[in-house]
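Student: Here you go, target18.pdb (PDB, C-alpha atoms):
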ATOM      1  CA  MET A 310       0.000   0.000   0.000
ATOM      2  CA  ARG A 311       1.181   3.516  -0.830
ATOM      3  CA  SER A 312      -0.540   6.109   1.299
ATOM      4  CA  PHE A 313      -0.912   9.861   1.070
ATOM      5  CA  ALA A 314      -2.886  10.052   4.310
ATOM      6  CA  SER A 315      -0.048  10.891   6.695
ATOM      7  CA  ASP A 316       3.709  10.777   7.035
ATOM      8  CA  ASN A 317       2.973   8.612  10.090
ATOM      9  CA  ASN A 318       2.152   5.853   7.615
ATOM     10  CA  SER A 319       5.659   5.775   6.167
ATOM     11  CA  GLY A 320       8.262   3.206   7.103
ATOM     12  CA  VAL A 321      11.463   3.471   9.132
ATOM     13  CA  HIS A 322      14.592   4.746   7.440
ATOM     14  CA  PRO A 323      17.203   1.966   7.029
ATOM     15  CA  LEU A 324      19.848   3.966   8.907
ATOM     16  CA  VAL A 325      17.484   4.328  11.863
ATOM     17  CA  MET A 326      16.812   0.601  11.771
ATOM     18  CA  GLU A 327      20.548  -0.030  11.786
ATOM     19  CA  ALA A 328      20.882   2.165  14.875
ATOM     20  CA  LEU A 329      18.178   0.135  16.622
ATOM     21  CA  ASN A 330      19.946  -3.088  15.756
ATOM     22  CA  ARG A 331      23.248  -1.769  17.136
ATOM     23  CA  ALA A 332      21.545  -0.780  20.379
ATOM     24  CA  ASN A 333      20.145  -4.298  20.640
ATOM     25  CA  ARG A 334      23.460  -6.175  20.690
ATOM     26  CA  ASP A 335      24.026  -6.318  24.426
ATOM     27  CA  HIS A 336      22.594  -5.350  27.807
ATOM     28  CA  ALA A 337      22.542  -1.739  28.980
ATOM     29  CA  VAL A 338      21.505   0.126  32.124
ATOM     30  CA  GLY A 339      17.874   1.239  31.893
ATOM     31  CA  TYR A 340      16.073   4.572  32.074
ATOM     32  CA  GLY A 341      18.632   6.496  30.033
ATOM     33  CA  ASP A 342      21.864   5.715  31.864
ATOM     34  CA  ASP A 343      23.386   4.183  28.743
ATOM     35  CA  PRO A 344      25.895   5.277  26.081
ATOM     36  CA  TRP A 345      23.277   5.501  23.308
ATOM     37  CA  THR A 346      21.243   8.048  25.240
ATOM     38  CA  GLU A 347      24.375   9.949  26.202
ATOM     39  CA  GLU A 348      25.330  10.212  22.533
ATOM     40  CA  ALA A 349      21.829  11.256  21.466
ATOM     41  CA  VAL A 350      21.766  14.003  24.103
ATOM     42  CA  ARG A 351      25.104  15.254  22.803
ATOM     43  CA  LYS A 352      23.777  15.294  19.232
ATOM     44  CA  ILE A 353      20.662  17.250  20.202
ATOM     45  CA  ARG A 354      22.719  19.790  22.127
ATOM     46  CA  GLU A 355      24.964  20.233  19.096
ATOM     47  CA  ALA A 356      21.927  20.844  16.895
ATOM     48  CA  PHE A 357      20.177  23.304  19.236
ATOM     49  CA  THR A 358      22.227  24.714  22.110
ATOM     50  CA  PRO A 359      24.732  23.201  24.573
ATOM     51  CA  ASP A 360      22.642  24.060  27.630
ATOM     52  CA  CYS A 361      19.331  22.542  26.519
ATOM     53  CA  GLU A 362      17.843  19.558  28.346
ATOM     54  CA  PRO A 363      16.499  16.748  26.097
ATOM     55  CA  LEU A 364      14.062  14.221  27.568
ATOM     56  CA  PHE A 365      13.080  11.278  25.376
ATOM     57  CA  VAL A 366       9.436  10.217  25.456
ATOM     58  CA  PHE A 367       7.216   7.712  23.692
ATOM     59  CA  ASN A 368       5.086   9.851  21.375
ATOM     60  CA  GLY A 369       3.853  13.251  20.283
ATOM     61  CA  THR A 370       0.864  13.520  22.596
ATOM     62  CA  GLY A 371       3.069  12.588  25.530
ATOM     63  CA  SER A 372       5.694  15.083  24.479
ATOM     64  CA  ASN A 373       3.153  17.898  24.246
ATOM     65  CA  ALA A 374       1.579  16.960  27.570
ATOM     66  CA  VAL A 375       4.933  16.911  29.366
ATOM     67  CA  ALA A 376       6.060  20.198  27.806
ATOM     68  CA  LEU A 377       2.829  22.011  28.611
ATOM     69  CA  GLN A 378       2.809  20.741  32.204
ATOM     70  CA  LEU A 379       6.235  22.315  32.637
ATOM     71  CA  CYS A 380       4.933  25.640  31.244
ATOM     72  CA  THR A 381       1.736  25.916  33.267
ATOM     73  CA  ARG A 382      -0.230  25.423  36.441
ATOM     74  CA  PRO A 383      -3.848  24.218  36.475
ATOM     75  CA  TYR A 384      -5.214  27.755  36.820
ATOM     76  CA  ASN A 385      -3.545  28.829  33.559
ATOM     77  CA  SER A 386      -4.921  28.897  30.047
ATOM     78  CA  ILE A 387      -3.083  27.680  26.949
ATOM     79  CA  ILE A 388      -3.588  29.703  23.773
ATOM     80  CA  CYS A 389      -3.461  27.898  20.434
ATOM     81  CA  ALA A 390      -4.882  27.930  16.906
ATOM     82  CA  GLU A 391      -8.256  26.222  16.544
ATOM     83  CA  THR A 392      -6.553  23.680  14.260
ATOM     84  CA  ALA A 393      -3.887  22.901  16.872
ATOM     85  CA  HIS A 394      -3.053  19.262  17.436
ATOM     86  CA  ILE A 395      -3.484  19.631  21.199
ATOM     87  CA  TYR A 396      -7.005  20.962  20.658
ATOM     88  CA  VAL A 397      -8.221  18.706  17.840
ATOM     89  CA  ASP A 398      -6.281  15.445  17.807
ATOM     90  CA  GLU A 399      -5.136  14.476  21.299
ATOM     91  CA  CYS A 400      -8.434  13.458  22.920
ATOM     92  CA  GLY A 401      -8.126  16.227  25.507
ATOM     93  CA  ALA A 402      -4.915  14.773  26.947
ATOM     94  CA  PRO A 403      -3.088  18.107  27.348
ATOM     95  CA  ALA A 404      -6.142  19.692  28.994
ATOM     96  CA  ARG A 405      -6.556  16.734  31.347
ATOM     97  CA  MET A 406      -2.878  16.452  32.250
ATOM     98  CA  THR A 407      -2.273  20.169  32.717
ATOM     99  CA  GLY A 408      -5.686  21.011  34.175
ATOM    100  CA  CYS A 409      -5.602  24.122  32.003
ATOM    101  CA  GLN A 410      -8.248  25.753  29.884
ATOM    102  CA  ILE A 411      -7.390  25.499  26.178
ATOM    103  CA  ARG A 412      -8.247  28.741  24.343
ATOM    104  CA  PRO A 413      -8.467  28.127  20.569
ATOM    105  CA  ILE A 414      -8.176  31.011  18.123
ATOM    106  CA  ALA A 415      -9.535  30.967  14.577
ATOM    107  CA  THR A 416      -6.825  31.476  11.960
ATOM    108  CA  PRO A 417      -6.927  31.532   8.164
ATOM    109  CA  ASP A 418      -3.773  29.455   7.755
ATOM    110  CA  GLY A 419      -3.135  27.614  11.030
ATOM    111  CA  LYS A 420      -0.652  30.229  12.253
ATOM    112  CA  LEU A 421      -1.010  32.504  15.268
ATOM    113  CA  THR A 422      -0.018  36.163  15.088
ATOM    114  CA  PRO A 423       0.331  38.791  17.811
ATOM    115  CA  ASP A 424      -2.813  40.532  16.555
ATOM    116  CA  LEU A 425      -4.801  37.299  16.884
ATOM    117  CA  VAL A 426      -3.411  36.544  20.341
ATOM    118  CA  ARG A 427      -3.667  39.977  22.012
ATOM    119  CA  PRO A 428      -7.440  39.903  22.683
ATOM    120  CA  TYR A 429      -6.888  36.767  24.784
ATOM    121  CA  LEU A 430      -4.206  38.364  26.948
ATOM    122  CA  CYS A 431      -6.555  39.719  29.558
ATOM    123  CA  HIS A 432      -7.750  39.279  33.161
ATOM    124  CA  PHE A 433      -4.211  38.988  34.500
ATOM    125  CA  GLY A 434      -4.328  38.922  38.291
ATOM    126  CA  GLU A 435      -8.118  38.441  38.452
ATOM    127  CA  GLN A 436      -8.877  35.388  40.570
ATOM    128  CA  HIS A 437     -12.119  34.583  38.743
ATOM    129  CA  HIS A 438     -10.400  33.932  35.420
ATOM    130  CA  SER A 439      -7.874  31.468  34.029
ATOM    131  CA  GLN A 440      -4.501  33.157  33.767
ATOM    132  CA  PRO A 441      -2.856  33.070  30.322
ATOM    133  CA  GLY A 442       0.216  30.924  30.839
ATOM    134  CA  ALA A 443       1.448  29.528  27.534
ATOM    135  CA  ILE A 444       1.172  29.840  23.782
ATOM    136  CA  TYR A 445       1.263  26.626  21.757
ATOM    137  CA  ILE A 446       2.335  26.691  18.121
ATOM    138  CA  SER A 447       3.033  23.951  15.589
ATOM    139  CA  GLN A 448       5.942  24.137  13.162
ATOM    140  CA  CYS A 449       4.918  23.277  10.470
ATOM    141  CA  SER A 450       1.314  24.162  11.252
ATOM    142  CA  GLU A 451      -1.468  21.622  10.941
ATOM    143  CA  LEU A 452      -2.327  23.276   7.623
ATOM    144  CA  GLY A 453       1.169  22.768   6.253
ATOM    145  CA  THR A 454       2.147  26.415   6.563
ATOM    146  CA  VAL A 455       5.500  27.495   7.979
ATOM    147  CA  TYR A 456       6.354  30.155  10.564
ATOM    148  CA  LYS A 457       9.266  32.372   9.521
ATOM    149  CA  PRO A 458      11.772  33.512  12.182
ATOM    150  CA  ASP A 459      10.366  37.030  12.437
ATOM    151  CA  GLU A 460       6.859  35.624  12.966
ATOM    152  CA  LEU A 461       8.144  33.385  15.747
ATOM    153  CA  ARG A 462      10.050  36.182  17.446
ATOM    154  CA  ALA A 463       6.977  38.409  17.357
ATOM    155  CA  LEU A 464       5.013  35.727  19.227
ATOM    156  CA  THR A 465       7.711  34.909  21.765
ATOM    157  CA  ASP A 466       8.370  38.593  22.468
ATOM    158  CA  LEU A 467       4.655  39.118  23.104
ATOM    159  CA  ALA A 468       4.411  36.075  25.361
ATOM    160  CA  HIS A 469       7.485  36.926  27.374
ATOM    161  CA  ARG A 470       6.317  40.496  27.952
ATOM    162  CA  HIS A 471       3.258  38.970  29.633
ATOM    163  CA  GLY A 472       5.208  36.414  31.680
ATOM    164  CA  MET A 473       4.129  33.514  29.472
ATOM    165  CA  TYR A 474       5.997  30.641  27.840
ATOM    166  CA  VAL A 475       5.946  29.472  24.222
ATOM    167  CA  HIS A 476       5.835  25.769  23.431
ATOM    168  CA  MET A 477       6.577  24.648  19.888
ATOM    169  CA  ASP A 478       5.203  21.353  18.648
ATOM    170  CA  GLY A 479       7.968  20.336  16.248
ATOM    171  CA  ALA A 480       6.476  17.136  14.884
ATOM    172  CA  ARG A 481       7.377  18.450  11.405
ATOM    173  CA  LEU A 482      10.086  20.911  12.422
ATOM    174  CA  ALA A 483      12.485  19.267   9.975
ATOM    175  CA  ASN A 484      10.149  20.052   7.081
ATOM    176  CA  ALA A 485       9.980  23.697   8.156
ATOM    177  CA  CYS A 486      13.762  23.917   8.361
ATOM    178  CA  ALA A 487      14.104  22.348   4.919
ATOM    179  CA  ALA A 488      11.513  24.732   3.475
ATOM    180  CA  LEU A 489      13.301  27.809   4.835
ATOM    181  CA  ASN A 490      16.860  26.481   4.448
ATOM    182  CA  LEU A 491      17.511  27.058   8.157
ATOM    183  CA  GLY A 492      18.858  24.929  10.984
ATOM    184  CA  PHE A 493      17.035  23.722  14.068
ATOM    185  CA  ARG A 494      18.552  26.391  16.312
ATOM    186  CA  GLU A 495      17.588  29.202  13.956
ATOM    187  CA  LEU A 496      13.889  28.274  14.193
ATOM    188  CA  THR A 497      13.802  27.602  17.943
ATOM    189  CA  VAL A 498      16.418  28.910  20.369
ATOM    190  CA  ASP A 499      17.265  31.972  18.280
ATOM    191  CA  CYS A 500      13.561  32.826  18.069
ATOM    192  CA  GLY A 501      12.954  32.664  21.819
ATOM    193  CA  ILE A 502      11.128  29.314  21.988
ATOM    194  CA  ASP A 503      11.058  28.098  25.600
ATOM    195  CA  ILE A 504      10.393  24.401  25.082
ATOM    196  CA  LEU A 505      10.102  22.093  22.079
ATOM    197  CA  SER A 506       8.443  18.810  21.232
ATOM    198  CA  PHE A 507      11.095  17.493  18.845
ATOM    199  CA  GLY A 508       9.613  14.874  16.546
ATOM    200  CA  GLY A 509      11.058  12.438  14.054
ATOM    201  CA  THR A 510       8.411   9.745  13.672
ATOM    202  CA  LYS A 511       6.970  11.552  10.641
ATOM    203  CA  ASN A 512      10.430  11.774   9.081
ATOM    204  CA  GLY A 513      12.012   8.330   9.289
ATOM    205  CA  LEU A 514      12.023   7.301  12.963
ATOM    206  CA  MET A 515      10.161   4.276  14.270
ATOM    207  CA  LEU A 516       8.789   5.901  17.415
ATOM    208  CA  GLY A 517       9.634   8.398  20.097
ATOM    209  CA  GLU A 518      10.100  12.122  20.478
ATOM    210  CA  SER A 519      12.174  14.376  22.675
ATOM    211  CA  VAL A 520      11.020  17.203  24.887
ATOM    212  CA  VAL A 521      13.840  19.731  24.551
ATOM    213  CA  VAL A 522      13.855  22.312  27.334
ATOM    214  CA  PHE A 523      15.570  25.590  26.461
ATOM    215  CA  ASN A 524      14.381  27.937  29.201
ATOM    216  CA  PRO A 525      16.346  27.255  32.410
ATOM    217  CA  ALA A 526      13.276  28.055  34.516
ATOM    218  CA  LEU A 527      11.525  24.965  33.105
ATOM    219  CA  LYS A 528      14.280  22.414  33.752
ATOM    220  CA  LYS A 529      13.948  21.797  37.496
ATOM    221  CA  GLU A 530      10.809  19.650  37.379
ATOM    222  CA  ALA A 531      11.250  18.140  33.920
ATOM    223  CA  TYR A 532      12.400  14.656  34.899
ATOM    224  CA  PHE A 533       9.699  14.296  37.550
ATOM    225  CA  VAL A 534       6.942  15.426  35.188
ATOM    226  CA  ARG A 535       8.117  12.985  32.516
ATOM    227  CA  LYS A 536       8.015  10.080  34.970
ATOM    228  CA  GLN A 537       4.641  11.032  36.433
ATOM    229  CA  SER A 538       3.258  11.356  32.914
ATOM    230  CA  ALA A 539       4.184   7.703  32.158
ATOM    231  CA  GLN A 540       6.654   8.822  29.486
ATOM    232  CA  LEU A 541       9.912   7.416  30.920
ATOM    233  CA  ALA A 542      10.921   4.268  29.023
ATOM    234  CA  SER A 543      12.860   1.609  30.880
ATOM    235  CA  LYS A 544      14.758   0.546  27.735
ATOM    236  CA  LEU A 545      15.276   4.149  26.794
ATOM    237  CA  ARG A 546      18.146   3.433  24.447
ATOM    238  CA  TYR A 547      15.697   2.231  21.783
ATOM    239  CA  LEU A 548      14.157   5.711  21.691
ATOM    240  CA  SER A 549      17.329   7.736  21.992
ATOM    241  CA  CYS A 550      19.558   5.827  19.560
ATOM    242  CA  GLN A 551      17.250   6.772  16.694
ATOM    243  CA  PHE A 552      17.989  10.452  17.241
ATOM    244  CA  THR A 553      21.711   9.838  16.866
ATOM    245  CA  ALA A 554      21.112   8.352  13.424
ATOM    246  CA  TYR A 555      18.623  11.115  12.633
ATOM    247  CA  LEU A 556      21.131  13.860  13.453
ATOM    248  CA  THR A 557      24.129  12.221  11.748
ATOM    249  CA  ASP A 558      25.139  13.406   8.263
ATOM    250  CA  SER A 559      21.970  15.539   8.049
ATOM    251  CA  LEU A 560      19.673  12.547   7.610
ATOM    252  CA  TRP A 561      16.826  14.622   9.053
ATOM    253  CA  LEU A 562      17.348  17.280   6.380
ATOM    254  CA  LYS A 563      17.684  14.848   3.489
ATOM    255  CA  ASN A 564      14.452  13.115   4.495
ATOM    256  CA  ALA A 565      12.475  16.329   5.019
ATOM    257  CA  ALA A 566      13.751  17.995   1.852
ATOM    258  CA  HIS A 567      12.757  14.937  -0.140
ATOM    259  CA  ALA A 568       9.245  14.901   1.344
ATOM    260  CA  ASN A 569       8.857  18.610   0.594
ATOM    261  CA  ARG A 570      10.080  18.113  -2.954
ATOM    262  CA  MET A 571       7.590  15.312  -3.526
ATOM    263  CA  ALA A 572       4.814  17.616  -2.310
ATOM    264  CA  LYS A 573       5.941  20.295  -4.764
ATOM    265  CA  ILE A 574       5.876  17.824  -7.663
ATOM    266  CA  LEU A 575       2.395  16.693  -6.643
ATOM    267  CA  TYR A 576       1.223  20.299  -6.351
ATOM    268  CA  ASP A 577       2.603  21.187  -9.775
ATOM    269  CA  GLY A 578       0.785  18.229 -11.267
ATOM    270  CA  LEU A 579      -2.551  19.010  -9.633
ATOM    271  CA  LYS A 580      -2.803  22.793  -9.646
ATOM    272  CA  GLU A 581      -3.876  23.194 -13.287
ATOM    273  CA  LEU A 582      -6.386  20.351 -13.332
ATOM    274  CA  PRO A 583     -10.037  21.351 -13.752
ATOM    275  CA  GLY A 584     -12.028  21.033 -10.565
ATOM    276  CA  VAL A 585      -8.965  21.076  -8.291
ATOM    277  CA  HIS A 586      -8.604  24.039  -5.928
ATOM    278  CA  PHE A 587      -5.938  24.446  -3.253
ATOM    279  CA  THR A 588      -7.156  25.870   0.034
ATOM    280  CA  GLN A 589      -3.732  26.527   1.586
ATOM    281  CA  LYS A 590      -0.296  27.482   0.329
ATOM    282  CA  VAL A 591       1.902  24.434  -0.162
ATOM    283  CA  GLU A 592       4.938  25.268   1.957
ATOM    284  CA  SER A 593       5.977  21.866   3.278
ATOM    285  CA  ASN A 594       4.879  18.255   2.748
ATOM    286  CA  GLN A 595       1.139  18.729   3.261
ATOM    287  CA  LEU A 596      -1.369  19.653   0.567
ATOM    288  CA  PHE A 597      -4.932  20.830   1.237
ATOM    289  CA  LEU A 598      -7.312  20.909  -1.702
ATOM    290  CA  THR A 599     -10.833  20.385  -2.920
ATOM    291  CA  MET A 600     -12.075  18.404  -5.880
ATOM    292  CA  PRO A 601     -15.464  17.026  -6.931
ATOM    293  CA  ARG A 602     -16.898  14.573  -4.413
ATOM    294  CA  PRO A 603     -17.443  11.753  -6.957
ATOM    295  CA  VAL A 604     -13.750  11.968  -7.857
ATOM    296  CA  ILE A 605     -12.749  11.765  -4.196
ATOM    297  CA  ASP A 606     -15.008   8.765  -3.594
ATOM    298  CA  GLU A 607     -13.485   6.870  -6.500
ATOM    299  CA  LEU A 608      -9.945   7.873  -5.557
ATOM    300  CA  LEU A 609     -10.483   6.517  -2.045
ATOM    301  CA  LYS A 610     -10.926   3.072  -3.584
ATOM    302  CA  GLU A 611      -7.319   3.253  -4.786
ATOM    303  CA  TYR A 612      -5.583   5.368  -2.129
ATOM    304  CA  PHE A 613      -5.850   6.007   1.585
ATOM    305  CA  PHE A 614      -6.104   9.691   2.545
ATOM    306  CA  TYR A 615      -8.214  11.844   4.834
ATOM    307  CA  PHE A 616     -10.960  14.393   4.465
ATOM    308  CA  TRP A 617     -10.048  17.667   6.149
ATOM    309  CA  ASP A 618     -13.431  19.336   5.789
ATOM    310  CA  GLU A 619     -15.897  16.916   4.272
ATOM    311  CA  ALA A 620     -18.620  19.571   3.989
ATOM    312  CA  ILE A 621     -16.649  21.413   1.305
ATOM    313  CA  HIS A 622     -14.950  18.306  -0.164
ATOM    314  CA  GLU A 623     -11.578  19.346   1.240
ATOM    315  CA  ILE A 624      -8.947  16.626   1.501
ATOM    316  CA  ARG A 625      -5.346  16.388   2.640
ATOM    317  CA  PHE A 626      -2.442  14.693   0.887
ATOM    318  CA  VAL A 627       0.837  14.184   2.773
ATOM    319  CA  THR A 628       4.139  13.104   1.249
ATOM    320  CA  SER A 629       6.894  11.315   3.157
ATOM    321  CA  PHE A 630      10.628  10.698   3.125
ATOM    322  CA  ASP A 631       9.989   7.455   1.239
ATOM    323  CA  THR A 632       7.463   8.797  -1.277
ATOM    324  CA  THR A 633       8.787   8.256  -4.803
ATOM    325  CA  GLU A 634       8.251  10.146  -8.039
ATOM    326  CA  GLU A 635       6.582   7.000  -9.336
ATOM    327  CA  ASP A 636       4.105   7.212  -6.435
ATOM    328  CA  ILE A 637       3.334  10.801  -7.392
ATOM    329  CA  GLU A 638       2.922  10.015 -11.071
ATOM    330  CA  GLN A 639       0.557   7.132 -10.371
ATOM    331  CA  LEU A 640      -1.598   9.320  -8.118
ATOM    332  CA  LEU A 641      -1.693  12.072 -10.739
ATOM    333  CA  GLN A 642      -2.699   9.618 -13.438
ATOM    334  CA  SER A 643      -5.531   8.342 -11.248
ATOM    335  CA  VAL A 644      -6.829  11.860 -10.566
ATOM    336  CA  LYS A 645      -6.652  12.807 -14.241
ATOM    337  CA  ARG A 646      -8.497   9.647 -15.240
ATOM    338  CA  LEU A 647     -11.276  10.284 -12.721
ATOM    339  CA  LEU A 648     -11.657  13.952 -13.589
TER     340      LEU A 648
END
Will you turn the file into structure tokens for me?
Tutor:
Amino acid sequence: MRSFASDNNSGVHPLVMEALNRANRDHAVGYGDDPWTEEAVRKIREAFTPDCEPLFVFNGTGSNAVALQLCTRPYNSIICAETAHIYVDECGAPARMTGCQIRPIATPDGKLTPDLVRPYLCHFGEQHHSQPGAIYISQCSELGTVYKPDELRALTDLAHRHGMYVHMDGARLANACAALNLGFRELTVDCGIDILSFGGTKNGLMLGESVVVFNPALKKEAYFVRKQSAQLASKLRYLSCQFTAYLTDSLWLKNAAHANRMAKILYDGLKELPGVHFTQKVESNQLFLTMPRPVIDELLKEYFFYFWDEAIHEIRFVTSFDTTEEDIEQLLQSVKRLL
């Protein structure tokens, strides 16, 4: 099966699989006191900043929940786009685990701006109201759009002036970096991000993410929150060793750039077809578009993909590190035949 539903459906990169096999050759001390985790921590610090604190966790929801618990107290509110993964796709886990009110904001493109956020920065010090405590952003956004450094700095400056933290969900951070030709540090630390959910599962890893703490004020409780959130793996080396492979010889960048390039080829092939209309700019490896419902229904018999807004016949295609040009051409031929 070749899927355009999600980059979660892709396989594991062979170099990541090799790293897992190497980590499996002997016994090792559990819970992260092993040489594979030590090396992965070193690699992450090289990529971001020497004084960051990486904590490996099982998955994206867990990573977001841990990060947001470090940023907030139960009387806080968390501001996010209405399309945010923590608001739409995590079954209320962040709200339950933080105890916070989630305040969604409507956006045209999945991206927050200072002008959109400011009306929600109110009631500070009033005991009857949730206190704004954190801003959550996704890079890339859930609509495939990409925050530029100046847009990120505008948000972090605003948050910090109000005593708030900014958490970046970096499930597709590699795709954003590839799109902008920037490194990890340039889109996080240098932009004032306080804490990051650093993902790789969508870009060649088997499983696992890392909460990367940049702000020193958030480090003290990090290990305790991870454990209490059931995100500390006993055989941690199988999570951490993947990040060493991921960050060696720019594997992360090669994978993400390829996925983005496949999306561009698919976009170029679809954009001029009659009945096809793109609803968002194609800036990364996600494409949002509409086409006639009968065409979608027939295409679903050949390919697995998701509706985004079924009422308007909007669907999402996602390309991956292992998507091939042949995959793209076959999909295009199917769409053309059905149109």
Student: So what do you get for CA of Cys380 in chain A versus CA of Leu527 in chain A, distance-wise?
Tutor: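 We find that CA of Cys380 in chain A and CA of Leu527 in chain A lie 6.9 Å from each other.
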Student: Using the chain letters and numbering of this document, enumerate as an mmCIF file with C-alpha atoms, in the frame of the given file the residues selected by the PyMOL selection byres ((chain A and resi 407-423) around 6).
Tutor:
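Saved as part-v1.cif:
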data_model
loop_
_atom_site.group_PDB
_atom_site.id
_atom_site.type_symbol
_atom_site.label_atom_id
_atom_site.label_comp_id
_atom_site.auth_asym_id
_atom_site.auth_seq_id
_atom_site.Cartn_x
_atom_site.Cartn_y
_atom_site.Cartn_z
ATOM 1 C CA GLN A 378 2.809 20.741 32.204
ATOM 2 C CA PRO A 383 -3.848 24.218 36.475
ATOM 3 C CA ASN A 385 -3.545 28.829 33.559
ATOM 4 C CA SER A 386 -4.921 28.897 30.047
ATOM 5 C CA ILE A 387 -3.083 27.680 26.949
ATOM 6 C CA ILE A 388 -3.588 29.703 23.773
ATOM 7 C CA CYS A 389 -3.461 27.898 20.434
ATOM 8 C CA ALA A 390 -4.882 27.930 16.906
ATOM 9 C CA GLU A 391 -8.256 26.222 16.544
ATOM 10 C CA PRO A 403 -3.088 18.107 27.348
ATOM 11 C CA ALA A 404 -6.142 19.692 28.994
ATOM 12 C CA ARG A 405 -6.556 16.734 31.347
ATOM 13 C CA MET A 406 -2.878 16.452 32.250
ATOM 14 C CA ASP A 424 -2.813 40.532 16.555
ATOM 15 C CA LEU A 425 -4.801 37.299 16.884
ATOM 16 C CA VAL A 426 -3.411 36.544 20.341
ATOM 17 C CA ARG A 427 -3.667 39.977 22.012
ATOM 18 C CA SER A 450 1.314 24.162 11.252
ATOM 19 C CA LEU A 452 -2.327 23.276 7.623
ATOM 20 C CA LEU A 464 5.013 35.727 19.227
#
Student: Could you give me, as a ChimeraX atom specification, the residues within 12 Å of Leu324 in chain A, counting all atoms listed in the file and dropping anything in the same chain fewer than 2 positions from it?
Tutor: /A:320-322,326-331,513-515,550-561,564
Student: Given the file above and the PyMOL selection byres ((chain A and resi 597) around 7), which residues are selected, and can you give them as a list in words?
Tutor: Phe587, Thr588, Gln589, Gln595, Leu596, Leu598, Glu623, Ile624, Arg625 and Phe626 of chain A
Student: Quick one: everything within 9 Å of Thr358 in chain A, counting all atoms listed in the file, minus sequence neighbours fewer than 6 positions away in the same chain. Send it as number ranges by chain.
Tutor: A: 494, 498, 523
Student: Got a sec: who's within 8 Å of Thr346 in chain A, counting all atoms listed in the file, leaving out chain neighbours fewer than 3 positions off, as a PyMOL selection string?
Tutor: chain A and resi 341-343+349-350+545-546+549-550
Student: Pick from A:Glu347, A:Asp606, A:Glu495, A:Glu592: nearest to Glu451 in chain A, with only C-alpha atoms counted?
Tutor: A:Glu592
Student: For each of A:Met571, A:Leu461, A:Ile444, A:Leu489, take the minimum atom-to-atom distance to Tyr474 in chain A, counting all atoms listed in the file, then give the residue where this is smallest.
Tutor: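 Counting all atoms listed in the file, the residue closest to Tyr474 in chain A is A:Ile444.
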Student: One number please: CA of Glu611 in chain A to CA of Ser312 in chain A, in Å, one decimal.
Tutor: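 These atoms are spaced 9.5 Å apart.
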Student: Using only C-alpha atoms, which residue out of A:Gly453, A:Pro441, A:Pro344, A:Pro603 lies closest to Val644 in chain A?
Tutor: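 Looking only at the distances to Val644 in chain A, the closest residue turns out to be A:Pro603.
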Student: Would you compute an axis-aligned box for range 473-488 of chain A, covering every atom listed for it in the file with 5 Å of margin on each side, and report centre and edge lengths in Å to one decimal as AutoDock Vina command-line options?
Tutor:
--center_x 9.1 --center_y 25.3 --center_z 16.5 --size_x 20.0 --size_y 26.4 --size_z 36.0
Student: Apply the PyMOL selection byres ((chain A and resi 356) around 8) to the displayed file and report the matching residues as a list in words.
Tutor: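 So the PyMOL selection byres ((chain A and resi 356) around 8) ends up selecting Lys352, Ile353, Arg354, Glu355, Phe357, Thr358, Gly492, Phe493, Arg494 and Leu556 of chain A.
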Student: Grab the CA of Asn569 in chain A to CA of Thr632 in chain A distance for me, in Å with one decimal place.
Tutor: 10.1 Å
Student: Using all atoms listed in the file for the distances, tell me which of A:His471, A:Val455, A:Thr370, A:Val585 is nearest to Cys431 in chain A.
Tutor: A:His471
Student: Let me make sure I understand: among A:Val522, A:Ser439, A:His336, A:Ala539, which one has the smallest atom-to-atom distance to Cys361 in chain A if we use all atoms listed in the file?
Tutor: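 The answer is A:Val522, which sits nearest to Cys361 in chain A.
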Student: Counting only C-alpha atoms, which of A:Gln642, A:Gly442, A:Lys590, A:Glu581 gets nearest to Tyr429 in chain A?
Tutor: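 Of A:Gln642, A:Gly442, A:Lys590, A:Glu581, the one nearest Tyr429 in chain A, counting only C-alpha atoms, is A:Gly442.
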Student: Do you know which residues are at most 9 Å from Pro525 in chain A counting all atoms listed in the file, after dropping those on the same chain fewer than 5 positions away, and could you put them as a PyMOL selection string?
Tutor: chain A and resi 360-362+503
Student: Skipping near chain neighbours, those fewer than 2 positions away, what residues fall within 8 Å of His476 in chain A using all atoms listed in the file, listed as an MDAnalysis selection string?
Tutor: chainID A and resid 376:377 380 443:446 474 478 502:506
